[in-house]
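**Q** My structure file final39.csv, CSV, C-alpha atoms and all ligand atoms, is below:
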```
chain,number,residue,atom,x,y,z
Z,27,MET,CA,-31.0,12.8,-19.3
Z,28,ASN,CA,-32.2,14.0,-15.9
Z,29,ARG,CA,-29.3,15.1,-13.9
Z,30,GLU,CA,-30.3,13.2,-10.8
Z,31,HIS,CA,-29.9,10.0,-12.7
Z,32,LYS,CA,-26.4,10.8,-14.0
Z,33,GLY,CA,-24.7,8.7,-11.3
Z,34,TYR,CA,-26.3,5.6,-12.7
Z,35,VAL,CA,-24.9,5.9,-16.2
Z,36,PRO,CA,-22.6,2.9,-16.9
Z,37,LEU,CA,-18.9,3.6,-17.2
Z,38,THR,CA,-18.1,4.8,-20.7
Z,39,GLY,CA,-15.1,3.8,-22.8
Z,40,SER,CA,-13.9,7.3,-22.4
Z,41,ASP,CA,-14.1,7.1,-18.5
Z,42,PHE,CA,-12.2,3.8,-18.7
Z,43,ASP,CA,-9.5,5.4,-20.9
Z,44,THR,CA,-9.2,8.3,-18.5
Z,45,LEU,CA,-8.9,6.1,-15.5
Z,46,THR,CA,-6.3,3.9,-17.2
Z,47,ARG,CA,-4.3,6.9,-18.2
Z,48,GLN,CA,-4.4,8.3,-14.7
Z,49,LEU,CA,-3.3,5.0,-13.1
Z,50,SER,CA,-0.5,4.6,-15.6
Z,51,LYS,CA,0.8,8.0,-14.8
Z,52,LEU,CA,0.4,7.5,-11.0
Z,53,LEU,CA,2.5,4.3,-11.3
Z,54,ALA,CA,5.0,5.6,-13.8
Z,55,THR,CA,4.3,2.7,-16.2
Z,56,GLN,CA,3.6,2.6,-19.9
Z,57,HIS,CA,1.7,-0.7,-19.5
Z,58,PRO,CA,-2.0,-0.1,-18.8
Z,59,PRO,CA,-2.9,-1.5,-15.4
Z,60,VAL,CA,-5.8,-3.8,-14.8
Z,61,ILE,CA,-8.7,-2.0,-13.2
Z,62,ILE,CA,-10.0,-4.2,-10.4
Z,63,PRO,CA,-13.7,-4.1,-9.8
Z,64,GLY,CA,-13.4,-4.1,-6.0
Z,65,GLU,CA,-11.3,-3.4,-3.0
Z,66,ALA,CA,-7.5,-3.6,-3.3
Z,67,ILE,CA,-7.6,-6.8,-1.4
Z,68,LEU,CA,-9.4,-8.4,-4.4
Z,69,GLY,CA,-6.5,-7.5,-6.7
Z,70,ILE,CA,-4.1,-8.9,-4.1
Z,71,GLU,CA,-5.9,-12.2,-3.9
Z,72,ALA,CA,-6.2,-12.3,-7.7
Z,73,MET,CA,-2.4,-11.9,-8.0
Z,74,ALA,CA,-1.8,-14.8,-5.6
Z,75,ALA,CA,-4.4,-17.0,-7.4
Z,76,GLY,CA,-2.9,-16.1,-10.8
Z,77,ILE,CA,0.7,-16.8,-10.1
Z,78,SER,CA,0.5,-19.8,-7.7
Z,79,ALA,CA,0.8,-23.3,-9.1
Z,80,PRO,CA,2.2,-26.7,-8.0
Z,81,GLY,CA,5.9,-26.8,-9.0
Z,82,ARG,CA,6.5,-23.1,-8.5
Z,83,THR,CA,8.5,-22.0,-5.5
Z,84,ILE,CA,7.6,-18.5,-4.4
Z,85,LEU,CA,9.4,-16.5,-1.7
Z,86,ASN,CA,6.9,-14.6,0.3
Z,87,VAL,CA,8.0,-11.9,2.7
Z,88,VAL,CA,6.0,-11.3,5.9
Z,89,THR,CA,6.5,-8.0,7.6
Z,90,GLY,CA,2.8,-7.6,8.6
Z,91,PRO,CA,-0.6,-9.3,8.5
Z,92,TYR,CA,-1.2,-8.7,4.8
Z,93,GLY,CA,2.0,-10.6,3.9
Z,94,SER,CA,0.9,-13.6,5.9
Z,95,LEU,CA,-2.5,-13.6,4.3
Z,96,PHE,CA,-0.8,-13.5,0.9
Z,97,GLY,CA,1.3,-16.6,1.8
Z,98,LYS,CA,-1.9,-18.5,2.6
Z,99,TRP,CA,-3.4,-17.7,-0.7
Z,100,LEU,CA,-0.2,-18.8,-2.5
Z,101,GLU,CA,-0.4,-22.1,-0.6
Z,102,ARG,CA,-4.0,-22.6,-1.6
Z,103,GLY,CA,-2.8,-22.3,-5.2
Z,104,GLY,CA,-0.4,-25.2,-4.7
Z,105,ALA,CA,2.9,-23.4,-4.9
Z,106,THR,CA,5.7,-24.2,-2.6
Z,107,VAL,CA,5.8,-21.2,-0.4
Z,108,VAL,CA,9.0,-20.2,1.4
Z,109,GLN,CA,8.4,-17.4,3.9
Z,110,VAL,CA,10.9,-14.8,5.1
Z,111,GLU,CA,9.4,-13.5,8.3
Z,112,VAL,CA,10.6,-10.7,10.5
Z,113,PRO,CA,9.3,-9.3,13.8
Z,114,PHE,CA,6.6,-6.7,13.1
Z,115,ASP,CA,8.7,-3.9,14.6
Z,116,GLN,CA,11.2,-4.3,11.8
Z,117,VAL,CA,11.3,-4.4,8.1
Z,118,VAL,CA,13.1,-6.9,5.9
Z,119,SER,CA,16.6,-6.3,4.8
Z,120,ALA,CA,17.9,-6.7,1.3
Z,121,ASN,CA,20.5,-9.1,2.6
Z,122,GLU,CA,17.9,-11.4,4.2
Z,123,ILE,CA,16.1,-11.5,0.8
Z,124,GLN,CA,19.3,-12.3,-1.1
Z,125,ALA,CA,20.2,-15.1,1.3
Z,126,ALA,CA,16.7,-16.6,1.0
Z,127,VAL,CA,16.8,-16.4,-2.8
Z,128,GLU,CA,20.1,-18.1,-3.0
Z,129,LYS,CA,19.0,-20.8,-0.7
Z,130,HIS,CA,15.5,-21.6,-2.0
Z,131,LYS,CA,15.8,-20.6,-5.7
Z,132,PRO,CA,12.3,-19.3,-6.1
Z,133,CYS,CA,10.8,-18.2,-9.4
Z,134,ALA,CA,8.9,-15.3,-7.8
Z,135,LEU,CA,9.1,-13.0,-4.8
Z,136,SER,CA,6.2,-11.2,-3.1
Z,137,PHE,CA,6.2,-8.5,-0.4
Z,138,VAL,CA,4.3,-5.6,1.0
Z,139,GLN,CA,6.0,-2.3,0.1
Z,140,ALA,CA,4.8,-0.3,3.1
Z,141,GLU,CA,2.8,-1.4,6.1
Z,142,VAL,CA,0.2,0.8,7.8
Z,143,VAL,CA,-0.4,-1.8,10.5
Z,144,THR,CA,3.2,-1.9,11.7
Z,145,GLY,CA,4.3,1.5,10.5
Z,146,GLY,CA,7.3,0.1,8.6
Z,147,SER,CA,8.3,0.5,5.0
Z,148,ASN,CA,10.4,-2.1,3.3
Z,149,PRO,CA,13.4,-1.1,1.1
Z,150,ALA,CA,11.4,-1.9,-2.1
Z,151,GLU,CA,13.8,-0.5,-4.7
Z,152,GLU,CA,16.7,-2.6,-3.3
Z,153,ILE,CA,14.6,-5.7,-3.0
Z,154,LEU,CA,13.5,-5.4,-6.6
Z,155,LYS,CA,17.0,-4.9,-7.7
Z,156,ILE,CA,18.0,-8.2,-6.1
Z,157,ALA,CA,15.0,-9.9,-7.6
Z,158,ARG,CA,16.0,-8.6,-11.1
Z,159,ASP,CA,19.6,-9.9,-10.6
Z,160,PHE,CA,18.1,-13.4,-10.0
Z,161,ASN,CA,15.5,-12.9,-12.8
Z,162,LEU,CA,12.5,-13.4,-10.4
Z,163,ILE,CA,8.9,-12.3,-11.0
Z,164,THR,CA,8.1,-9.7,-8.4
Z,165,VAL,CA,4.8,-9.0,-6.7
Z,166,MET,CA,4.3,-6.0,-4.5
Z,167,ASP,CA,1.3,-4.9,-2.4
Z,168,SER,CA,1.7,-1.1,-2.7
Z,169,VAL,CA,-1.7,-0.2,-1.3
Z,170,SER,CA,-0.1,1.7,1.6
Z,171,ALA,CA,2.8,3.0,-0.3
Z,172,VAL,CA,1.3,4.7,-3.3
Z,173,GLY,CA,1.1,8.4,-2.7
Z,174,GLY,CA,3.2,8.1,0.4
Z,175,GLU,CA,6.6,7.2,-1.1
Z,176,ALA,CA,8.2,6.6,-4.5
Z,177,LEU,CA,6.7,3.9,-6.7
Z,178,LEU,CA,8.3,3.7,-10.1
Z,179,VAL,CA,6.9,0.6,-11.6
Z,180,ASP,CA,8.7,0.5,-14.9
Z,181,ASP,CA,12.0,1.9,-13.7
Z,182,TRP,CA,12.1,-0.6,-10.8
Z,183,GLY,CA,11.0,-3.5,-13.0
Z,184,ALA,CA,8.2,-4.6,-10.7
Z,185,ASP,CA,6.0,-7.2,-12.4
Z,186,PHE,CA,2.8,-7.1,-10.3
Z,187,VAL,CA,1.9,-4.1,-8.2
Z,188,ALA,CA,-1.4,-3.8,-6.4
Z,189,VAL,CA,-2.7,-0.3,-5.4
Z,190,GLY,CA,-5.8,1.3,-4.0
Z,191,ALA,CA,-6.7,4.9,-3.5
Z,192,GLN,CA,-8.2,4.7,0.0
Z,193,LYS,CA,-5.0,5.3,1.9
Z,194,ALA,CA,-2.6,8.1,0.9
Z,195,LEU,CA,-4.7,9.2,-2.2
Z,196,ALA,CA,-7.8,10.1,-0.2
Z,197,GLY,CA,-9.9,8.2,-2.7
Z,198,PRO,CA,-12.6,5.5,-2.7
Z,199,ASN,CA,-11.9,1.9,-1.7
Z,200,GLY,CA,-14.4,0.3,-4.2
Z,201,VAL,CA,-12.2,0.2,-7.3
Z,202,SER,CA,-8.5,-0.5,-7.3
Z,203,ALA,CA,-5.8,-1.6,-9.8
Z,204,VAL,CA,-3.0,-4.1,-10.5
Z,205,SER,CA,-0.2,-3.1,-12.7
Z,206,ILE,CA,1.3,-6.0,-14.7
Z,207,SER,CA,4.4,-6.0,-16.8
Z,208,PRO,CA,4.6,-8.0,-20.1
Z,209,ARG,CA,6.7,-10.6,-18.2
Z,210,GLY,CA,4.0,-10.7,-15.6
Z,211,TRP,CA,1.4,-11.4,-18.2
Z,212,GLU,CA,3.5,-14.3,-19.6
Z,213,PHE,CA,3.9,-15.6,-16.1
Z,214,LEU,CA,0.1,-15.7,-15.7
Z,215,GLU,CA,-0.6,-17.0,-19.2
Z,216,SER,CA,1.9,-19.9,-18.6
Z,217,ASN,CA,0.0,-21.0,-15.5
Z,218,PRO,CA,-2.7,-23.5,-16.3
Z,219,ASN,CA,-4.1,-22.9,-12.8
Z,220,ALA,CA,-4.6,-19.2,-13.2
Z,221,PRO,CA,-8.3,-18.5,-12.8
Z,222,ARG,CA,-10.5,-17.9,-15.8
Z,223,ASN,CA,-14.2,-16.9,-15.7
Z,224,SER,CA,-13.8,-15.9,-12.1
Z,225,ILE,CA,-13.8,-12.7,-10.0
Z,226,LEU,CA,-10.2,-13.6,-9.2
Z,227,SER,CA,-9.1,-13.7,-12.9
Z,228,LEU,CA,-6.6,-11.1,-14.0
Z,229,LEU,CA,-6.4,-12.7,-17.4
Z,230,ASP,CA,-10.2,-12.1,-17.9
Z,231,LEU,CA,-9.5,-8.4,-17.4
Z,232,LYS,CA,-6.3,-8.1,-19.6
Z,233,PRO,CA,-6.4,-4.7,-21.2
Z,234,ASP,CA,-5.2,-4.0,-24.7
Z,235,GLU,CA,-1.7,-2.6,-24.8
Z,236,SER,CA,-3.2,0.6,-26.1
Z,237,GLY,CA,-5.0,0.9,-22.7
Z,238,SER,CA,-8.5,0.7,-24.1
Z,239,ALA,CA,-11.0,-1.6,-22.5
Z,240,PRO,CA,-10.9,-5.4,-23.3
Z,241,VAL,CA,-13.6,-5.6,-26.1
Z,242,ARG,CA,-15.9,-3.5,-23.9
Z,243,VAL,CA,-15.8,-1.8,-20.5
Z,244,PRO,CA,-16.0,-4.7,-18.0
Z,245,PRO,CA,-19.6,-4.4,-16.8
Z,246,ASN,CA,-18.7,-5.4,-13.2
Z,247,ILE,CA,-16.7,-2.2,-12.5
Z,248,PRO,CA,-18.7,-0.2,-10.0
Z,249,ALA,CA,-19.4,3.0,-12.0
Z,250,LEU,CA,-19.8,5.4,-9.0
Z,251,GLU,CA,-16.6,4.2,-7.4
Z,252,ALA,CA,-14.8,4.4,-10.7
Z,253,ARG,CA,-15.9,8.0,-11.1
Z,254,ALA,CA,-14.9,8.8,-7.5
Z,255,LEU,CA,-11.5,7.3,-8.3
Z,256,ILE,CA,-11.1,9.5,-11.4
Z,257,ALA,CA,-12.0,12.5,-9.2
Z,258,ALA,CA,-9.5,11.5,-6.5
Z,259,LEU,CA,-6.7,10.9,-9.1
Z,260,SER,CA,-7.5,14.3,-10.7
Z,261,ARG,CA,-7.1,15.9,-7.3
Z,262,VAL,CA,-3.7,14.1,-6.9
Z,263,GLU,CA,-2.6,15.4,-10.3
Z,264,GLU,CA,-3.7,18.9,-9.4
Z,265,GLU,CA,-1.7,18.9,-6.1
Z,266,GLY,CA,1.1,17.0,-7.8
Z,267,LEU,CA,2.2,13.5,-6.8
Z,268,PRO,CA,5.5,14.7,-5.4
Z,269,GLN,CA,3.7,17.2,-3.2
Z,270,VAL,CA,1.3,14.5,-2.0
Z,271,ILE,CA,4.3,12.4,-1.0
Z,272,ARG,CA,6.0,15.3,0.6
Z,273,ARG,CA,2.9,16.0,2.7
Z,274,HIS,CA,3.0,12.4,4.0
Z,275,GLU,CA,6.7,12.6,4.7
Z,276,LEU,CA,6.2,15.8,6.7
Z,277,ALA,CA,3.2,14.3,8.6
Z,278,ALA,CA,5.4,11.3,9.6
Z,279,SER,CA,8.4,13.5,10.6
Z,280,ALA,CA,6.0,15.7,12.6
Z,281,ALA,CA,4.4,12.8,14.3
Z,282,ILE,CA,7.7,11.3,15.3
Z,283,ALA,CA,8.9,14.6,16.6
Z,284,GLY,CA,5.7,15.0,18.6
Z,285,ILE,CA,5.7,11.6,20.2
Z,286,LYS,CA,9.4,11.9,21.1
Z,287,ALA,CA,8.7,15.2,22.7
Z,288,LEU,CA,6.1,13.4,24.8
Z,289,GLY,CA,8.7,10.9,25.9
Z,290,LEU,CA,7.3,8.1,23.7
Z,291,GLU,CA,9.1,5.7,21.4
Z,292,PRO,CA,8.3,4.7,17.9
Z,293,TRP,CA,7.3,1.0,17.6
Z,294,GLN,CA,9.4,0.6,14.5
Z,295,LYS,CA,13.0,0.1,15.5
Z,296,ASP,CA,14.9,1.7,12.6
Z,297,GLY,CA,14.2,5.3,11.7
Z,298,ARG,CA,15.3,4.8,8.1
Z,299,PHE,CA,12.2,2.6,7.5
Z,300,TYR,CA,9.2,4.4,9.0
Z,301,SER,CA,6.1,4.3,6.9
Z,302,THR,CA,5.0,7.8,5.9
Z,303,LEU,CA,1.3,6.9,6.3
Z,304,THR,CA,1.2,5.8,9.9
Z,305,THR,CA,3.4,6.4,12.9
Z,306,THR,CA,3.3,3.5,15.4
Z,307,VAL,CA,3.9,4.2,19.1
Z,308,ARG,CA,5.3,1.6,21.5
Z,309,ILE,CA,3.0,1.1,24.4
Z,310,SER,CA,5.2,-0.9,26.8
Z,311,GLY,CA,5.5,0.7,30.2
Z,312,THR,CA,2.8,3.3,29.4
Z,313,PRO,CA,-0.5,1.7,30.3
Z,314,GLY,CA,-2.3,5.1,29.8
Z,315,LEU,CA,-1.9,4.4,26.0
Z,316,ARG,CA,-4.1,1.2,26.1
Z,317,ILE,CA,-7.2,2.4,24.3
Z,318,ASP,CA,-9.9,0.2,22.9
Z,319,GLN,CA,-11.4,2.6,20.4
Z,320,PRO,CA,-9.9,5.0,17.9
Z,321,ILE,CA,-9.8,8.6,19.1
Z,322,GLY,CA,-9.7,10.7,15.9
Z,323,ILE,CA,-6.7,9.4,13.9
Z,324,VAL,CA,-5.2,7.7,17.0
Z,325,ALA,CA,-6.1,4.0,16.8
Z,326,PRO,CA,-5.3,0.9,18.8
Z,327,GLY,CA,-3.1,-1.8,17.2
Z,328,ASP,CA,-4.8,-4.3,14.9
Z,329,GLY,CA,-5.1,-8.0,15.8
Z,330,GLU,CA,-2.0,-9.3,17.5
Z,331,LEU,CA,-0.6,-5.8,17.8
Z,332,PHE,CA,-3.4,-4.7,20.0
Z,333,GLY,CA,-2.0,-3.5,23.3
Z,334,GLN,CA,1.5,-3.4,21.9
Z,335,LEU,CA,1.3,-0.2,19.8
Z,336,LEU,CA,-0.9,2.7,18.9
Z,337,ARG,CA,-1.2,4.0,15.4
Z,338,ILE,CA,-1.4,7.6,14.3
Z,339,ASN,CA,-3.1,7.3,10.9
Z,340,HIS,CA,-1.8,10.5,9.2
Z,341,PHE,CA,-2.6,9.6,5.6
Z,342,GLY,CA,-4.9,11.0,2.9
Z,343,VAL,CA,-6.6,14.1,4.1
Z,344,ASN,CA,-5.1,13.6,7.5
Z,345,ALA,CA,-1.5,14.0,6.2
Z,346,SER,CA,-1.8,17.5,7.5
Z,347,ARG,CA,-0.4,19.7,10.3
Z,348,GLU,CA,-3.9,20.0,12.0
Z,349,SER,CA,-4.5,16.3,12.1
Z,350,VAL,CA,-1.0,15.5,13.4
Z,351,GLU,CA,-1.3,18.2,16.1
Z,352,GLU,CA,-4.7,16.9,17.2
Z,353,ALA,CA,-3.3,13.4,17.4
Z,354,ILE,CA,-0.4,14.6,19.6
Z,355,ARG,CA,-2.9,16.5,21.8
Z,356,THR,CA,-4.8,13.2,22.2
Z,357,LEU,CA,-1.7,11.3,23.2
Z,358,ALA,CA,-0.7,14.1,25.7
Z,359,LYS,CA,-4.1,13.9,27.2
Z,360,LEU,CA,-3.8,10.1,27.6
Z,361,LEU,CA,-0.5,10.7,29.3
Z,362,HIS,CA,-1.8,13.5,31.5
Z,363,GLN,CA,0.8,15.8,30.1
Z,364,GLU,CA,0.7,19.4,28.9
Z,365,PRO,CA,0.9,19.2,25.1
Z,366,GLU,CA,2.7,22.6,24.4
Z,367,GLN,CA,6.3,21.3,24.0
Z,368,ALA,CA,5.2,18.5,21.7
Z,369,ILE,CA,3.0,20.7,19.6
Z,370,LYS,CA,5.9,23.0,19.2
Z,371,ALA,CA,8.0,20.1,17.9
Z,372,VAL,CA,5.3,19.3,15.5
Z,373,SER,CA,4.9,22.8,14.2
Z,374,GLN,CA,8.7,23.1,13.7
Z,375,VAL,CA,8.6,20.2,11.2
Z,376,TRP,CA,5.8,21.8,9.2
Z,377,GLY,CA,7.5,25.1,9.5
Z,378,TYR,CA,10.7,23.9,7.9
Z,379,GLY,CA,8.7,22.1,5.2
Z,380,ARG,CA,7.2,25.3,3.8
W,1,LIG,C1,-5.1,-1.3,3.3
W,1,LIG,C2,-4.3,-2.3,2.8
W,1,LIG,C3,-4.7,-3.3,1.9
W,1,LIG,C4,-6.1,-3.6,1.5
W,1,LIG,O1,-7.0,-2.7,1.7
W,1,LIG,P1,-8.6,-2.9,1.5
W,1,LIG,O2,-9.1,-1.7,2.1
W,1,LIG,O3,-9.0,-4.2,2.1
W,1,LIG,O4,-8.7,-2.9,0.0
W,1,LIG,C5,-3.8,-4.2,1.5
W,1,LIG,N1,-2.5,-4.2,1.8
W,1,LIG,C6,-2.0,-3.2,2.5
W,1,LIG,C7,-0.6,-3.2,2.8
W,1,LIG,C8,-2.9,-2.2,3.1
W,1,LIG,O5,-2.4,-1.3,3.9
```
What does the file become when written as C-alpha cells?

**A**
Amino acid sequence: MNREHKGYVPLTGSDFDTLTRQLSKLLATQHPPVIIPGEAILGIEAMAAGISAPGRTILNVVTGPYGSLFGKWLERGGATVVQVEVPFDQVVSANEIQAAVEKHKPCALSFVQAEVVTGGSNPAEEILKIARDFNLITVMDSVSAVGGEALLVDDWGADFVAVGAQKALAGPNGVSAVSISPRGWEFLESNPNAPRNSILSLLDLKPDESGSAPVRVPPNIPALEARALIAALSRVEEEGLPQVIRRHELAASAAIAGIKALGLEPWQKDGRFYSTLTTTVRISGTPGLRIDQPIGIVAPGDGELFGQLLRINHFGVNASRESVEEAIRTLAKLLHQEPEQAIKAVSQVWGYGR
C-alpha cells in the first residue's frame, strides 16, 4: 500500500490489543478498559447514563464544574442524586464523605479525582476506602489525575474510572478510556435503563476479559486518534509513569514557590491537596492579574472562576522547568515586578529534583 495512505487503514485487532494492554498497564488494572470512541467527556457521560436509574441513590461529590455536570447527567437518568458540594477553593474531606454516606445510604459514589479548573486534588484513595467499607460502587473522573498522581485502579478497588490522554499524558483528546471492574459491569448489566445501541452505551463496548475486541474492532473508534494515543502511551512507557508523575509534582512545587516569591497566594486553601497539573493563583486584591486571554500557559479562570483565579497549566509537555519559568515571568510582568527572585525559587525546586 502507498505509504501516504497508511493513516487511513482501519484500526487492526493488533492495534486494539496494544492499546488495551497499554491502558491496563497505565491504570494498574487487570481488567481490560473500554476504549471510548471520543473525548473523555463522552466516557464520563456514558458512565452517568449507565449507572443512573430510578430507585438508585447516588452520592455525587462536586468540587468543580465537571462534578456538577455529572450530577445533572445522573439526574437525567432518574437516580436520586445527593450532592456533597464544597467551595471550589477546597477539596472534599473523607469525613464529609463518610457523614454523607451514613446519612443518605447511597448505592454509588461519584467524584472527580483531580481538578484542573480549581487546582485541587481530592484524597481519592481515602475516599475509595470509605466507599469500600460501605460496599458502594465508585465512579471517578480521573482525566486530570492520570499521569499527574497515583491511580491504582485495582488496588484501590475503583469500579469506574474515566481517563483521557490530553492532560498529563500529552496525548490526543479524540480517544479515551473507561476502566470498569467486574462489579461495575454487574452494576451496569443490572440496570434496565443502561443505554444500548447508543454512543453512550458502555455495555455495547464491553471487551472480552482477555482484552481482545468485542467480536471485531468497534468501527467507530477514530483510527488516527487511536494510533496517536498508542504513540503517546508508548512515550509515557519510555519515560516511565513514575517519572511523568514526578515531573508534574516538580512543576507544581516550582509554580507554587514562584508565585509565593512574587507575593501571590495559591487559590486552593490547603497545600496538601494541590493538583499537580495546574496551579491556581488567587486574584483578589491584585487587579493586574485580571487577564481575558491566555498568555502562554497562564490562563484566566473558567466560567464562574473568571476574575477569581489565574491558572498555570503546567501539564503534559508543559510540566517542565522552562514552561514554569516562563509562566512566572509572565506573572511578574503583569505585576510590574522584576522576576529574578521568583525564577530563582523555581530553579531551586527543579535543582533539588534532579
Ligand atoms: C479535561 C477534563 C475532562 C474532559 O475533557 P475533554 O477534553 O472534554 O474530554 C473531564 N474531567 C476533568 C476533571 C477534566 O479535567

**Q** Give me, as a ChimeraX atom specification, the set of residues whose atoms come within 7 Å of any atom of ligand LIG 1 (chain W), counting all atoms listed in the file.

**A** /Z:65-67,92,138,140-143,167-170,190,192-193,199

**Q** Hey, what's within 8 Å of Z:Ser349 if we count all atoms listed in the file and toss same-chain stuff fewer than 5 positions away? As a list in words, please?

**A**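 Returned residues: Ile323, His340 and Asn344 of chain Z.
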
**Q** Between Z:Gly93, Z:Glu275, Z:Arg347, Z:Val108, single out the one closest to Z:Lys129, counting all atoms listed in the file.

**A**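 Between Z:Gly93, Z:Glu275, Z:Arg347, Z:Val108, the residue approaching Z:Lys129 most closely is Z:Val108.
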
**Q** Name the residues in contact with Z:Pro91 at a cut-off of 12 Å, using only C-alpha atoms, excluding same-chain residues fewer than 3 positions from it; report them as a ChimeraX atom specification.

**A** /Z:87-88,94-98,111-114,137-138,140-144,167,327-331

**Q** Go through Z:Val243, Z:Ala171, Z:Met166, Z:Leu177 and flag the residue nearest Z:Ser147, using only C-alpha atoms for the distances.

**A**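 Among the listed residues, the smallest separation from Z:Ser147 belongs to Z:Ala171.
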
**Q** Rounded to one decimal place, report the atom CA of Z:Arg355-atom CA of Z:Gly284 distance in Å.

**A**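 These two atoms are separated by 9.3 Å.
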
**Q** List every protein, DNA or RNA residue that has at least one atom no more than 9 Å from (2.2, -20.2, -15.4) in the file's coordinates, counting all atoms listed in the file, and write the result as a list in words.

**A** Gly76, Ile77, Ser78, Ala79, Arg82, Glu212, Phe213, Leu214, Glu215, Ser216, Asn217, Pro218, Asn219 and Ala220 of chain Z

**Q** Given the point (8.2, -22.7, -7.3) in the file's coordinates, find the residues that have an atom at most 8 Å from it, counting all atoms listed in the file, and give them as a PyMOL selection string.

**A** chain Z and resi 79-84+105-107+132-134

**Q** With all atoms listed in the file as the counted atoms, please give the residues lying no more than 8 Å from Z:Pro221, apart from itself and same-chain residues fewer than 5 positions off, as a PyMOL selection string.

**A** chain Z and resi 75-76+226-229

**Q** Identify which of the residues Z:Asp296, Z:Phe341, Z:Trp182, Z:Val307 lies closest to Z:Gly197, counting all atoms listed in the file when measuring atom-to-atom distances.

**A** Z:Phe341

**Q** Since the input is missing atoms, can you rebuild all heavy atoms for stretch 325-331 of chain Z and write them as a PDB file, in the frame of the given file?

**A**
```
ATOM      1  N   ALA Z 325      -5.335   5.270  16.787  1.00  0.00           N
ATOM      2  CA  ALA Z 325      -6.100   4.000  16.800  1.00  0.00           C
ATOM      3  C   ALA Z 325      -5.284   2.925  17.541  1.00  0.00           C
ATOM      4  O   ALA Z 325      -4.049   2.939  17.526  1.00  0.00           O
ATOM      5  CB  ALA Z 325      -6.383   3.557  15.383  1.00  0.00           C
ATOM      6  N   PRO Z 326      -5.996   1.981  18.174  1.00  0.00           N
ATOM      7  CA  PRO Z 326      -5.300   0.900  18.800  1.00  0.00           C
ATOM      8  C   PRO Z 326      -4.674  -0.055  17.730  1.00  0.00           C
ATOM      9  O   PRO Z 326      -5.069  -0.004  16.570  1.00  0.00           O
ATOM     10  CB  PRO Z 326      -6.399   0.125  19.566  1.00  0.00           C
ATOM     11  CG  PRO Z 326      -7.691   0.579  18.994  1.00  0.00           C
ATOM     12  CD  PRO Z 326      -7.461   1.898  18.325  1.00  0.00           C
ATOM     13  N   GLY Z 327      -3.723  -0.875  18.130  1.00  0.00           N
ATOM     14  CA  GLY Z 327      -3.100  -1.800  17.200  1.00  0.00           C
ATOM     15  C   GLY Z 327      -4.097  -2.833  16.695  1.00  0.00           C
ATOM     16  O   GLY Z 327      -5.046  -3.187  17.388  1.00  0.00           O
ATOM     17  N   ASP Z 328      -3.883  -3.318  15.466  1.00  0.00           N
ATOM     18  CA  ASP Z 328      -4.800  -4.300  14.900  1.00  0.00           C
ATOM     19  C   ASP Z 328      -4.340  -5.715  15.291  1.00  0.00           C
ATOM     20  O   ASP Z 328      -3.148  -6.015  15.344  1.00  0.00           O
ATOM     21  CB  ASP Z 328      -4.624  -4.275  13.326  1.00  0.00           C
ATOM     22  CG  ASP Z 328      -5.462  -3.181  12.720  1.00  0.00           C
ATOM     23  OD1 ASP Z 328      -6.247  -2.558  13.445  1.00  0.00           O
ATOM     24  OD2 ASP Z 328      -5.313  -2.949  11.498  1.00  0.00           O
ATOM     25  N   GLY Z 329      -5.312  -6.556  15.522  1.00  0.00           N
ATOM     26  CA  GLY Z 329      -5.100  -8.000  15.800  1.00  0.00           C
ATOM     27  C   GLY Z 329      -4.030  -8.207  16.852  1.00  0.00           C
ATOM     28  O   GLY Z 329      -4.165  -7.693  17.964  1.00  0.00           O
ATOM     29  N   GLU Z 330      -2.985  -8.948  16.494  1.00  0.00           N
ATOM     30  CA  GLU Z 330      -2.000  -9.300  17.500  1.00  0.00           C
ATOM     31  C   GLU Z 330      -1.205  -8.094  18.017  1.00  0.00           C
ATOM     32  O   GLU Z 330      -0.499  -8.188  19.016  1.00  0.00           O
ATOM     33  CB  GLU Z 330      -1.017 -10.350  16.935  1.00  0.00           C
ATOM     34  CG  GLU Z 330      -0.152  -9.824  15.805  1.00  0.00           C
ATOM     35  CD  GLU Z 330       0.672 -10.928  15.137  1.00  0.00           C
ATOM     36  OE1 GLU Z 330       0.129 -11.595  14.231  1.00  0.00           O
ATOM     37  OE2 GLU Z 330       1.831 -11.116  15.525  1.00  0.00           O
ATOM     38  N   LEU Z 331      -1.324  -6.962  17.331  1.00  0.00           N
ATOM     39  CA  LEU Z 331      -0.600  -5.800  17.800  1.00  0.00           C
ATOM     40  C   LEU Z 331      -1.386  -4.932  18.775  1.00  0.00           C
ATOM     41  O   LEU Z 331      -0.877  -3.954  19.314  1.00  0.00           O
ATOM     42  CB  LEU Z 331      -0.175  -4.923  16.561  1.00  0.00           C
ATOM     43  CG  LEU Z 331       0.762  -5.668  15.609  1.00  0.00           C
ATOM     44  CD1 LEU Z 331       1.065  -4.845  14.372  1.00  0.00           C
ATOM     45  CD2 LEU Z 331       2.068  -6.040  16.319  1.00  0.00           C
TER      46      LEU Z 331
END
```
